[in-house]
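Source file: work_24.pdb (PDB, C-alpha atoms and all ligand atoms)
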```
ATOM      1  CA  MET A 294       0.000   0.000   0.000  1.00  0.00           C
ATOM      2  CA  THR A 295       1.840   3.133  -1.126  1.00  0.00           C
ATOM      3  CA  ALA A 296       1.809   6.311   0.905  1.00  0.00           C
ATOM      4  CA  ILE A 297       0.111   9.546  -0.090  1.00  0.00           C
ATOM      5  CA  GLY A 298       1.968  12.838   0.265  1.00  0.00           C
ATOM      6  CA  ILE A 299      -0.063  15.933   1.089  1.00  0.00           C
ATOM      7  CA  PHE A 300       1.618  19.233   0.382  1.00  0.00           C
ATOM      8  CA  GLY A 301      -0.453  22.180   1.567  1.00  0.00           C
ATOM      9  CA  GLY A 302       0.423  25.789   1.044  1.00  0.00           C
ATOM     10  CA  THR A 303      -0.763  29.140  -0.086  1.00  0.00           C
ATOM     11  CA  PHE A 304       1.211  28.770  -3.315  1.00  0.00           C
ATOM     12  CA  ASP A 305       1.028  32.529  -3.876  1.00  0.00           C
ATOM     13  CA  PRO A 306       2.660  31.756  -6.326  1.00  0.00           C
ATOM     14  CA  ILE A 307       4.032  28.192  -6.634  1.00  0.00           C
ATOM     15  CA  HIS A 308       7.785  28.113  -7.373  1.00  0.00           C
ATOM     16  CA  PHE A 309      10.701  25.744  -7.949  1.00  0.00           C
ATOM     17  CA  GLY A 310      11.393  25.530  -4.188  1.00  0.00           C
ATOM     18  CA  HIS A 311       7.996  23.846  -3.770  1.00  0.00           C
ATOM     19  CA  LEU A 312       8.292  21.739  -6.894  1.00  0.00           C
ATOM     20  CA  ARG A 313      11.811  20.426  -6.355  1.00  0.00           C
ATOM     21  CA  THR A 314      10.980  19.581  -2.729  1.00  0.00           C
ATOM     22  CA  ALA A 315       7.827  17.748  -3.810  1.00  0.00           C
ATOM     23  CA  PHE A 316       9.642  15.864  -6.565  1.00  0.00           C
ATOM     24  CA  GLU A 317      12.492  14.739  -4.321  1.00  0.00           C
ATOM     25  CA  LEU A 318      10.034  13.576  -1.637  1.00  0.00           C
ATOM     26  CA  LEU A 319       7.893  11.756  -4.209  1.00  0.00           C
ATOM     27  CA  GLN A 320      10.988   9.718  -5.009  1.00  0.00           C
ATOM     28  CA  SER A 321      12.743   9.382  -1.660  1.00  0.00           C
ATOM     29  CA  LEU A 322       9.576   8.482   0.283  1.00  0.00           C
ATOM     30  CA  ARG A 323       8.389   6.246  -2.586  1.00  0.00           C
ATOM     31  CA  LEU A 324       5.004   7.966  -2.517  1.00  0.00           C
ATOM     32  CA  GLY A 325       2.236   6.550  -4.691  1.00  0.00           C
ATOM     33  CA  GLU A 326       0.984  10.074  -5.215  1.00  0.00           C
ATOM     34  CA  LEU A 327       1.658  13.573  -3.984  1.00  0.00           C
ATOM     35  CA  ARG A 328      -1.278  15.943  -3.663  1.00  0.00           C
ATOM     36  CA  PHE A 329      -0.805  19.680  -3.762  1.00  0.00           C
ATOM     37  CA  VAL A 330      -3.541  21.254  -1.652  1.00  0.00           C
ATOM     38  CA  PRO A 331      -3.775  25.026  -2.158  1.00  0.00           C
ATOM     39  CA  ALA A 332      -5.309  26.769   0.844  1.00  0.00           C
ATOM     40  CA  GLY A 333      -8.485  28.727   0.245  1.00  0.00           C
ATOM     41  CA  ASP A 334      -8.445  30.978   3.280  1.00  0.00           C
ATOM     42  CA  PRO A 335      -5.229  30.291   5.240  1.00  0.00           C
ATOM     43  CA  PRO A 336      -6.043  30.911   8.924  1.00  0.00           C
ATOM     44  CA  HIS A 337      -2.496  31.557  10.169  1.00  0.00           C
ATOM     45  CA  ARG A 338      -1.392  34.333   7.874  1.00  0.00           C
ATOM     46  CA  ALA A 339      -2.379  37.389   5.847  1.00  0.00           C
ATOM     47  CA  ALA A 340      -4.775  36.867   2.939  1.00  0.00           C
ATOM     48  CA  PRO A 341      -3.039  35.768  -0.264  1.00  0.00           C
ATOM     49  CA  LEU A 342      -2.425  38.391  -2.935  1.00  0.00           C
ATOM     50  CA  ALA A 343      -3.666  36.283  -5.847  1.00  0.00           C
ATOM     51  CA  ASP A 344      -7.223  34.946  -5.724  1.00  0.00           C
ATOM     52  CA  ALA A 345      -7.809  31.272  -5.054  1.00  0.00           C
ATOM     53  CA  SER A 346      -8.748  30.362  -8.625  1.00  0.00           C
ATOM     54  CA  SER A 347      -5.533  31.901 -10.004  1.00  0.00           C
ATOM     55  CA  ARG A 348      -3.410  30.137  -7.395  1.00  0.00           C
ATOM     56  CA  LEU A 349      -5.171  26.882  -8.205  1.00  0.00           C
ATOM     57  CA  ALA A 350      -4.615  27.419 -11.949  1.00  0.00           C
ATOM     58  CA  MET A 351      -0.914  28.083 -11.328  1.00  0.00           C
ATOM     59  CA  VAL A 352      -0.548  24.907  -9.239  1.00  0.00           C
ATOM     60  CA  ARG A 353      -2.352  22.885 -11.909  1.00  0.00           C
ATOM     61  CA  ALA A 354      -0.122  24.282 -14.662  1.00  0.00           C
ATOM     62  CA  ALA A 355       3.051  23.697 -12.643  1.00  0.00           C
ATOM     63  CA  THR A 356       2.281  20.062 -11.840  1.00  0.00           C
ATOM     64  CA  ALA A 357       0.493  18.833 -14.968  1.00  0.00           C
ATOM     65  CA  ASP A 358       3.483  17.092 -16.557  1.00  0.00           C
ATOM     66  CA  GLN A 359       4.710  15.085 -13.581  1.00  0.00           C
ATOM     67  CA  PRO A 360       3.255  11.585 -13.079  1.00  0.00           C
ATOM     68  CA  GLY A 361       2.329  11.157  -9.426  1.00  0.00           C
ATOM     69  CA  PHE A 362       1.597  14.832  -8.878  1.00  0.00           C
ATOM     70  CA  PHE A 363      -2.076  15.670  -8.325  1.00  0.00           C
ATOM     71  CA  VAL A 364      -3.922  18.825  -7.347  1.00  0.00           C
ATOM     72  CA  ASP A 365      -6.562  18.574  -4.639  1.00  0.00           C
ATOM     73  CA  ASP A 366      -8.881  21.578  -4.680  1.00  0.00           C
ATOM     74  CA  ARG A 367     -10.943  20.717  -1.577  1.00  0.00           C
ATOM     75  CA  GLU A 368      -9.656  23.636   0.524  1.00  0.00           C
ATOM     76  CA  VAL A 369     -10.381  26.153  -2.217  1.00  0.00           C
ATOM     77  CA  ALA A 370     -13.846  24.649  -2.701  1.00  0.00           C
ATOM     78  CA  ARG A 371     -14.606  24.621   1.047  1.00  0.00           C
ATOM     79  CA  SER A 372     -15.891  27.805   2.674  1.00  0.00           C
ATOM     80  CA  GLY A 373     -14.351  29.098   5.890  1.00  0.00           C
ATOM     81  CA  PRO A 374     -10.772  28.742   7.120  1.00  0.00           C
ATOM     82  CA  SER A 375      -8.597  26.028   5.534  1.00  0.00           C
ATOM     83  CA  TYR A 376      -7.714  23.851   8.504  1.00  0.00           C
ATOM     84  CA  THR A 377      -5.242  21.098   7.697  1.00  0.00           C
ATOM     85  CA  VAL A 378      -6.804  18.846  10.324  1.00  0.00           C
ATOM     86  CA  THR A 379     -10.118  18.952   8.421  1.00  0.00           C
ATOM     87  CA  THR A 380      -8.414  18.022   5.150  1.00  0.00           C
ATOM     88  CA  LEU A 381      -6.521  15.174   6.789  1.00  0.00           C
ATOM     89  CA  SER A 382      -9.698  13.852   8.461  1.00  0.00           C
ATOM     90  CA  GLU A 383     -11.400  13.709   5.088  1.00  0.00           C
ATOM     91  CA  LEU A 384      -8.431  12.002   3.436  1.00  0.00           C
ATOM     92  CA  ARG A 385      -8.148   9.517   6.300  1.00  0.00           C
ATOM     93  CA  ALA A 386     -11.811   8.576   5.770  1.00  0.00           C
ATOM     94  CA  GLU A 387     -11.188   8.165   2.029  1.00  0.00           C
ATOM     95  CA  PHE A 388      -7.974   6.154   2.486  1.00  0.00           C
ATOM     96  CA  PRO A 389      -8.271   4.284   5.793  1.00  0.00           C
ATOM     97  CA  ALA A 390      -5.333   1.924   5.228  1.00  0.00           C
ATOM     98  CA  ARG A 391      -2.754   4.077   3.470  1.00  0.00           C
ATOM     99  CA  PRO A 392       0.024   6.020   5.167  1.00  0.00           C
ATOM    100  CA  LEU A 393      -0.618   9.749   4.819  1.00  0.00           C
ATOM    101  CA  CYS A 394       2.425  12.045   4.876  1.00  0.00           C
ATOM    102  CA  LEU A 395       1.822  15.715   5.529  1.00  0.00           C
ATOM    103  CA  ILE A 396       4.724  17.618   3.955  1.00  0.00           C
ATOM    104  CA  VAL A 397       5.831  20.889   5.498  1.00  0.00           C
ATOM    105  CA  GLY A 398       8.940  23.036   5.192  1.00  0.00           C
ATOM    106  CA  MET A 399      10.961  23.614   8.362  1.00  0.00           C
ATOM    107  CA  ASP A 400       9.575  27.166   8.694  1.00  0.00           C
ATOM    108  CA  ALA A 401       6.009  25.844   8.623  1.00  0.00           C
ATOM    109  CA  PHE A 402       6.867  23.023  11.041  1.00  0.00           C
ATOM    110  CA  LEU A 403       8.112  25.558  13.600  1.00  0.00           C
ATOM    111  CA  GLY A 404       4.637  27.131  13.544  1.00  0.00           C
ATOM    112  CA  LEU A 405       2.806  23.809  13.935  1.00  0.00           C
ATOM    113  CA  PRO A 406       1.844  24.336  17.623  1.00  0.00           C
ATOM    114  CA  GLN A 407      -0.244  27.328  16.489  1.00  0.00           C
ATOM    115  CA  TRP A 408      -2.286  25.216  14.072  1.00  0.00           C
ATOM    116  CA  HIS A 409      -5.881  24.288  14.869  1.00  0.00           C
ATOM    117  CA  ARG A 410      -5.956  20.950  16.776  1.00  0.00           C
ATOM    118  CA  TRP A 411      -2.312  20.356  15.892  1.00  0.00           C
ATOM    119  CA  ARG A 412      -1.865  17.294  18.071  1.00  0.00           C
ATOM    120  CA  ASP A 413      -4.729  15.557  16.252  1.00  0.00           C
ATOM    121  CA  ILE A 414      -2.775  15.902  13.023  1.00  0.00           C
ATOM    122  CA  LEU A 415      -0.323  13.238  14.235  1.00  0.00           C
ATOM    123  CA  ASP A 416      -3.214  10.820  14.779  1.00  0.00           C
ATOM    124  CA  LEU A 417      -4.203  11.271  11.157  1.00  0.00           C
ATOM    125  CA  ALA A 418      -0.874  11.479   9.307  1.00  0.00           C
ATOM    126  CA  HIS A 419       2.884  11.351   9.521  1.00  0.00           C
ATOM    127  CA  VAL A 420       4.629  14.698   9.262  1.00  0.00           C
ATOM    128  CA  VAL A 421       7.538  14.973   6.842  1.00  0.00           C
ATOM    129  CA  VAL A 422       9.612  18.088   7.362  1.00  0.00           C
ATOM    130  CA  ALA A 423      11.707  19.365   4.460  1.00  0.00           C
ATOM    131  CA  HIS A 424      14.772  21.352   5.390  1.00  0.00           C
ATOM    132  CA  ARG A 425      14.620  24.933   4.207  1.00  0.00           C
ATOM    133  CA  PRO A 426      17.534  27.388   3.968  1.00  0.00           C
ATOM    134  CA  GLY A 427      17.979  29.455   7.109  1.00  0.00           C
ATOM    135  CA  TRP A 428      15.818  27.314   9.433  1.00  0.00           C
ATOM    136  CA  ARG A 429      16.956  24.864  12.107  1.00  0.00           C
ATOM    137  CA  ALA A 430      15.136  21.939  13.672  1.00  0.00           C
ATOM    138  CA  PRO A 431      13.753  22.703  17.144  1.00  0.00           C
ATOM    139  CA  GLU A 432      15.590  21.076  20.044  1.00  0.00           C
ATOM    140  CA  ALA A 433      13.308  22.161  22.898  1.00  0.00           C
ATOM    141  CA  GLY A 434       9.649  22.945  23.551  1.00  0.00           C
ATOM    142  CA  PRO A 435       6.674  20.961  22.251  1.00  0.00           C
ATOM    143  CA  LEU A 436       8.291  20.344  18.864  1.00  0.00           C
ATOM    144  CA  GLY A 437      11.579  19.247  20.424  1.00  0.00           C
ATOM    145  CA  ASP A 438       9.551  16.785  22.508  1.00  0.00           C
ATOM    146  CA  LEU A 439       7.629  15.683  19.440  1.00  0.00           C
ATOM    147  CA  LEU A 440      10.853  14.972  17.547  1.00  0.00           C
ATOM    148  CA  ALA A 441      12.337  13.135  20.530  1.00  0.00           C
ATOM    149  CA  GLY A 442       9.224  10.967  20.921  1.00  0.00           C
ATOM    150  CA  ARG A 443       8.095  10.403  17.372  1.00  0.00           C
ATOM    151  CA  GLY A 444      11.048  11.393  15.193  1.00  0.00           C
ATOM    152  CA  THR A 445      12.612   8.886  12.851  1.00  0.00           C
ATOM    153  CA  ALA A 446      15.288   8.985  10.190  1.00  0.00           C
ATOM    154  CA  ARG A 447      13.995   5.872   8.431  1.00  0.00           C
ATOM    155  CA  VAL A 448      11.584   6.120   5.505  1.00  0.00           C
ATOM    156  CA  GLU A 449      10.553   2.509   6.241  1.00  0.00           C
ATOM    157  CA  ASP A 450       8.934   3.671   9.486  1.00  0.00           C
ATOM    158  CA  LEU A 451       6.394   5.621   7.443  1.00  0.00           C
ATOM    159  CA  TYR A 452       5.148   2.268   6.166  1.00  0.00           C
ATOM    160  CA  VAL A 453       4.967   0.510   9.546  1.00  0.00           C
ATOM    161  CA  ALA A 454       2.053   2.682  10.702  1.00  0.00           C
ATOM    162  CA  THR A 455      -0.318   4.912   8.741  1.00  0.00           C
ATOM    163  CA  ALA A 456       0.271   7.994  10.934  1.00  0.00           C
ATOM    164  CA  GLY A 457       2.166   9.330  13.915  1.00  0.00           C
ATOM    165  CA  ARG A 458       5.863   9.626  12.951  1.00  0.00           C
ATOM    166  CA  VAL A 459       7.910  12.723  12.167  1.00  0.00           C
ATOM    167  CA  LEU A 460      10.646  12.487   9.542  1.00  0.00           C
ATOM    168  CA  VAL A 461      13.019  15.354   8.808  1.00  0.00           C
ATOM    169  CA  GLN A 462      14.278  14.948   5.272  1.00  0.00           C
ATOM    170  CA  GLN A 463      17.105  16.652   3.404  1.00  0.00           C
ATOM    171  CA  VAL A 464      16.097  18.183   0.092  1.00  0.00           C
ATOM    172  CA  THR A 465      18.044  20.371  -2.291  1.00  0.00           C
ATOM    173  CA  GLN A 466      18.117  23.796  -0.702  1.00  0.00           C
ATOM    174  CA  LEU A 467      16.591  26.360  -3.014  1.00  0.00           C
ATOM    175  CA  GLU A 468      16.337  29.757  -1.441  1.00  0.00           C
ATOM    176  CA  ILE A 469      13.158  30.794  -3.236  1.00  0.00           C
ATOM    177  CA  SER A 470      10.061  32.096  -1.467  1.00  0.00           C
ATOM    178  CA  SER A 471       6.672  33.264  -2.636  1.00  0.00           C
ATOM    179  CA  THR A 472       7.209  36.472  -0.652  1.00  0.00           C
ATOM    180  CA  ASP A 473      10.316  37.297  -2.697  1.00  0.00           C
ATOM    181  CA  LEU A 474       8.500  36.358  -5.895  1.00  0.00           C
ATOM    182  CA  ARG A 475       5.582  38.669  -5.119  1.00  0.00           C
ATOM    183  CA  ASP A 476       8.104  41.486  -4.553  1.00  0.00           C
ATOM    184  CA  ILE A 477       9.748  40.695  -7.877  1.00  0.00           C
ATOM    185  CA  ILE A 478       6.440  40.601  -9.726  1.00  0.00           C
ATOM    186  CA  VAL A 479       4.831  43.706  -8.252  1.00  0.00           C
ATOM    187  CA  SER A 480       7.995  45.701  -8.859  1.00  0.00           C
ATOM    188  CA  ASN A 481       7.868  44.697 -12.501  1.00  0.00           C
ATOM    189  CA  ARG A 482      10.925  42.489 -12.455  1.00  0.00           C
ATOM    190  CA  ASP A 483      10.857  39.102 -14.124  1.00  0.00           C
ATOM    191  CA  PRO A 484      10.411  35.878 -12.068  1.00  0.00           C
ATOM    192  CA  ARG A 485      11.790  33.723 -14.904  1.00  0.00           C
ATOM    193  CA  TYR A 486      13.870  30.686 -13.826  1.00  0.00           C
ATOM    194  CA  LEU A 487      12.438  30.799 -10.301  1.00  0.00           C
ATOM    195  CA  MET A 488       9.152  29.210 -11.390  1.00  0.00           C
ATOM    196  CA  PRO A 489       7.881  27.171 -14.357  1.00  0.00           C
ATOM    197  CA  ASP A 490       7.268  29.172 -17.524  1.00  0.00           C
ATOM    198  CA  ALA A 491       3.644  28.000 -17.478  1.00  0.00           C
ATOM    199  CA  VAL A 492       3.149  29.739 -14.116  1.00  0.00           C
ATOM    200  CA  ARG A 493       4.858  32.889 -15.336  1.00  0.00           C
ATOM    201  CA  ASP A 494       2.572  32.833 -18.405  1.00  0.00           C
ATOM    202  CA  ILE A 495      -0.541  32.724 -16.177  1.00  0.00           C
ATOM    203  CA  ILE A 496       0.751  35.650 -14.131  1.00  0.00           C
ATOM    204  CA  ILE A 497       1.369  37.671 -17.277  1.00  0.00           C
ATOM    205  CA  GLU A 498      -1.918  36.738 -18.931  1.00  0.00           C
ATOM    206  CA  THR A 499      -4.237  37.170 -15.948  1.00  0.00           C
ATOM    207  CA  GLY A 500      -2.438  40.013 -14.193  1.00  0.00           C
ATOM    208  CA  CYS A 501      -3.294  38.202 -10.958  1.00  0.00           C
ATOM    209  CA  TYR A 502      -0.502  40.198  -9.347  1.00  0.00           C
ATOM    210  CA  THR A 503      -0.372  43.806 -10.345  1.00  0.00           C
ATOM    211  CA  GLY A 504       2.550  44.667 -12.587  1.00  0.00           C
ATOM    212  CA  LEU A 505       4.074  42.311 -15.175  1.00  0.00           C
ATOM    213  CA  SER A 506       0.712  42.261 -16.906  1.00  0.00           C
ATOM    214  CA  THR A 507       2.171  42.780 -20.359  1.00  0.00           C
ATOM    215  CA  ARG A 508       5.095  41.092 -22.078  1.00  0.00           C
TER     216      ARG A 508
HETATM  217  P1  LIG B 601       5.491  32.861   1.595  1.00  0.00           P
HETATM  218  O1  LIG B 601       6.831  33.435   1.265  1.00  0.00           O
HETATM  219  O2  LIG B 601       4.320  33.605   1.027  1.00  0.00           O
HETATM  220  O3  LIG B 601       5.343  32.504   3.066  1.00  0.00           O
HETATM  221  P2  LIG B 601       6.332  30.194   0.748  1.00  0.00           P
HETATM  222  O4  LIG B 601       7.343  30.358  -0.330  1.00  0.00           O
HETATM  223  O5  LIG B 601       6.803  29.830   2.128  1.00  0.00           O
HETATM  224  O6  LIG B 601       5.391  31.470   0.809  1.00  0.00           O
HETATM  225  P3  LIG B 601       3.956  28.565   0.995  1.00  0.00           P
HETATM  226  O7  LIG B 601       2.934  28.366  -0.053  1.00  0.00           O
HETATM  227  O8  LIG B 601       3.620  29.347   2.188  1.00  0.00           O
HETATM  228  O9  LIG B 601       5.253  29.171   0.241  1.00  0.00           O
HETATM  229  O10 LIG B 601       4.610  27.204   1.422  1.00  0.00           O
HETATM  230  C1  LIG B 601       3.987  25.956   1.332  1.00  0.00           C
HETATM  231  C2  LIG B 601       4.925  24.928   1.934  1.00  0.00           C
HETATM  232  O11 LIG B 601       6.113  24.855   1.150  1.00  0.00           O
HETATM  233  C3  LIG B 601       5.373  25.272   3.362  1.00  0.00           C
HETATM  234  O12 LIG B 601       5.368  24.084   4.112  1.00  0.00           O
HETATM  235  C4  LIG B 601       6.777  25.812   3.160  1.00  0.00           C
HETATM  236  O13 LIG B 601       7.588  25.580   4.285  1.00  0.00           O
HETATM  237  C5  LIG B 601       7.256  25.006   1.960  1.00  0.00           C
HETATM  238  N1  LIG B 601       8.273  25.705   1.161  1.00  0.00           N
HETATM  239  C6  LIG B 601       8.133  26.879   0.567  1.00  0.00           C
HETATM  240  N2  LIG B 601       9.252  27.247  -0.095  1.00  0.00           N
HETATM  241  C7  LIG B 601      10.145  26.238   0.103  1.00  0.00           C
HETATM  242  C8  LIG B 601      11.507  26.026  -0.319  1.00  0.00           C
HETATM  243  N3  LIG B 601      12.163  26.941  -1.044  1.00  0.00           N
HETATM  244  N4  LIG B 601      12.106  24.878   0.060  1.00  0.00           N
HETATM  245  C9  LIG B 601      11.432  23.972   0.839  1.00  0.00           C
HETATM  246  N5  LIG B 601      10.159  24.119   1.268  1.00  0.00           N
HETATM  247  C10 LIG B 601       9.506  25.233   0.905  1.00  0.00           C
END
```

Write the structure described by the file as structure tokens, please.
Ligand code: ATP
Amino acid sequence: MTAIGIFGGTFDPIHFGHLRTAFELLQSLRLGELRFVPAGDPPHRAAPLADASSRLAMVRAATADQPGFFVDDREVARSGPSYTVTTLSELRAEFPARPLCLIVGMDAFLGLPQWHRWRDILDLAHVVVAHRPGWRAPEAGPLGDLLAGRGTARVEDLYVATAGRVLVQQVTQLEISSTDLRDIIVSNRDPRYLMPDAVRDIIIETGCYTGLSTR
């Protein structure tokens, strides 16, 4: 029974840091599929700049060519805040016997204790933490305890149980962020080579960020 990766994010916009991380984890964790789940209304942060349908279109365009990549639009379709625990509960009901791996970057992992019902997340899924430039794994506090109690370095452990382990995984460090990309785009500089051309084309054609609306 292969595992399912779940990669949530605002994806405002999606970039090669997301895509390379997802691709490496698809392979190294031997995932049967990896679902990108764009947040509709992210509860823990400022509202996204691009509207949900544009962000969804960009994620679809960025992932279309890669077998094993899928886009799950349930959080965009759902009204109200996009709680990860709700998404994972639904997926657990759909796939009772398959390991679920929630993928987060180290920066997002450090904020996990602020997430709605965060401890329930570990009952529903494993958490796979991708290293991100400039961020270090916590050694103390609730996340330090979580890593001490549930941490593993072995991918095999993700297949022993369907939920409950935390794996910190090395991925190629690409210092790209959506924040920097939004700055680039709104100041009329070109995001080329930081994101797929298909995503850049959508930004140009829709003008979903102000600026860069013409070639
Ligand atoms: P922003 O700059 O707007 O916060 P972001 O680039 O962090 O955006 P998100 O959509 O918020 O992108 O991130 C979704 C997930 O992808 C998070 O778990 C985040 O940690 C992870 N992530 C984002 N960029 C990278 C990267 N360059 N390398 C590894 N993980 C990343």

* For the structure shown, which residues end up in the PyMOL selection byres (((not hetatm)) within 8 of (chain B and resi 601))? Put them as number ranges by chain, please? => A: 300-311, 313-314, 331, 341, 396-402, 423-426, 464-474

* To do: Determine the nearest neighbour of A:Trp428 from the options A:Leu319, A:Val492, A:Tyr452, A:Leu403, counting only C-alpha atoms.
  => A:Leu403

* To do: Go through A:Asp365, A:Asp344, A:Asp490, A:Glu326 one by one, measure the shortest atom-to-atom distance of each to A:Arg391 using all atoms listed in the file, and give the residue with the smallest value.
  => A:Glu326

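The space separating atom CA of A:Asp416 from atom CA of A:Ala454 comes to 10.5 Å.
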
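Closest approach to A:Thr356 among A:Gly457, A:Gly500, A:Pro489, A:Pro389: A:Pro489, based on all atoms listed in the file.
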
* To do: Output the residue selection produced by the PyMOL selection byres (((chain A and resi 407-412) around 10) and not hetatm) on the file above, formatted as number ranges by chain.
  => A: 336-337, 375-379, 401-406, 413-417, 439, 457

* Grab the atom CA of A:Ala296 to atom CA of A:Glu383 distance for me, in Å with one decimal place. =>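 Separation of atom CA of A:Ala296 and atom CA of A:Glu383: 15.7 Å.
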
* Can you turn the PyMOL selection byres (((chain A and resi 502) around 12) and not hetatm) into a concrete residue list for this file, as a list in words? =>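 The output of the PyMOL selection byres (((chain A and resi 502) around 12) and not hetatm) on this file is Asp305, Pro306, Pro341, Leu342, Ala343, Asp344, Ser347, Arg348, Leu474, Arg475, Asp476, Ile477, Ile478, Val479, Ser480, Asn481, Arg493, Ile495, Ile496, Ile497, Glu498, Thr499, Gly500, Cys501, Thr503, Gly504, Leu505, Ser506 and Thr507 of chain A.
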
* Test item: residues at most 10 Å from A:Leu440, only C-alpha atoms, excluding those fewer than 5 positions along its chain, as a ChimeraX atom specification -> /A:430-433,435,445,458-461

* **Exercise: A:Ala491 partners within 9 Å, all atoms listed in the file, chain neighbours under 6 positions left out, as a list in words** => Met351, Ala354 and Ala355 of chain A

Complete the atom set of stretch 384-390 of chain A to all heavy atoms and return it as an mmCIF file, keeping the file's coordinate frame.
```
data_model
loop_
_atom_site.group_PDB
_atom_site.id
_atom_site.type_symbol
_atom_site.label_atom_id
_atom_site.label_comp_id
_atom_site.auth_asym_id
_atom_site.auth_seq_id
_atom_site.Cartn_x
_atom_site.Cartn_y
_atom_site.Cartn_z
ATOM 1 N N LEU A 384 -9.278 12.949 4.180
ATOM 2 C CA LEU A 384 -8.431 12.002 3.436
ATOM 3 C C LEU A 384 -8.304 10.675 4.189
ATOM 4 O O LEU A 384 -8.266 9.613 3.578
ATOM 5 C CB LEU A 384 -7.043 12.619 3.194
ATOM 6 C CG LEU A 384 -7.030 13.724 2.132
ATOM 7 C CD1 LEU A 384 -5.699 14.475 2.167
ATOM 8 C CD2 LEU A 384 -7.252 13.139 0.736
ATOM 9 N N ARG A 385 -8.243 10.758 5.513
ATOM 10 C CA ARG A 385 -8.148 9.517 6.300
ATOM 11 C C ARG A 385 -9.405 8.665 6.093
ATOM 12 O O ARG A 385 -9.323 7.436 5.968
ATOM 13 C CB ARG A 385 -7.931 9.881 7.776
ATOM 14 C CG ARG A 385 -7.897 8.748 8.735
ATOM 15 C CD ARG A 385 -6.968 7.614 8.296
ATOM 16 N NE ARG A 385 -5.554 7.909 8.392
ATOM 17 C CZ ARG A 385 -4.636 7.380 7.565
ATOM 18 N NH1 ARG A 385 -4.978 6.541 6.590
ATOM 19 N NH2 ARG A 385 -3.357 7.674 7.699
ATOM 20 N N ALA A 386 -10.575 9.324 6.007
ATOM 21 C CA ALA A 386 -11.811 8.576 5.770
ATOM 22 C C ALA A 386 -11.818 7.961 4.361
ATOM 23 O O ALA A 386 -12.304 6.846 4.154
ATOM 24 C CB ALA A 386 -13.020 9.496 5.957
ATOM 25 N N GLU A 387 -11.233 8.673 3.408
ATOM 26 C CA GLU A 387 -11.188 8.165 2.029
ATOM 27 C C GLU A 387 -10.174 7.028 1.870
ATOM 28 O O GLU A 387 -10.342 6.137 1.051
ATOM 29 C CB GLU A 387 -10.826 9.298 1.052
ATOM 30 C CG GLU A 387 -11.965 10.271 0.784
ATOM 31 C CD GLU A 387 -11.471 11.537 0.069
ATOM 32 O OE1 GLU A 387 -10.704 11.435 -0.898
ATOM 33 O OE2 GLU A 387 -11.863 12.643 0.506
ATOM 34 N N PHE A 388 -9.072 7.124 2.627
ATOM 35 C CA PHE A 388 -7.974 6.154 2.486
ATOM 36 C C PHE A 388 -7.619 5.585 3.858
ATOM 37 O O PHE A 388 -6.579 5.901 4.432
ATOM 38 C CB PHE A 388 -6.743 6.826 1.875
ATOM 39 C CG PHE A 388 -6.989 7.469 0.546
ATOM 40 C CD1 PHE A 388 -7.151 8.845 0.447
ATOM 41 C CD2 PHE A 388 -7.080 6.705 -0.611
ATOM 42 C CE1 PHE A 388 -7.383 9.444 -0.784
ATOM 43 C CE2 PHE A 388 -7.316 7.294 -1.847
ATOM 44 C CZ PHE A 388 -7.478 8.670 -1.935
ATOM 45 N N PRO A 389 -8.482 4.721 4.411
ATOM 46 C CA PRO A 389 -8.271 4.284 5.793
ATOM 47 C C PRO A 389 -6.970 3.514 6.012
ATOM 48 O O PRO A 389 -6.426 3.547 7.106
ATOM 49 C CB PRO A 389 -9.496 3.409 6.088
ATOM 50 C CG PRO A 389 -10.271 3.282 4.828
ATOM 51 C CD PRO A 389 -9.706 4.205 3.810
ATOM 52 N N ALA A 390 -6.476 2.823 4.993
ATOM 53 C CA ALA A 390 -5.333 1.924 5.228
ATOM 54 C C ALA A 390 -4.005 2.448 4.686
ATOM 55 O O ALA A 390 -2.984 1.772 4.812
ATOM 56 C CB ALA A 390 -5.631 0.562 4.596
#
```
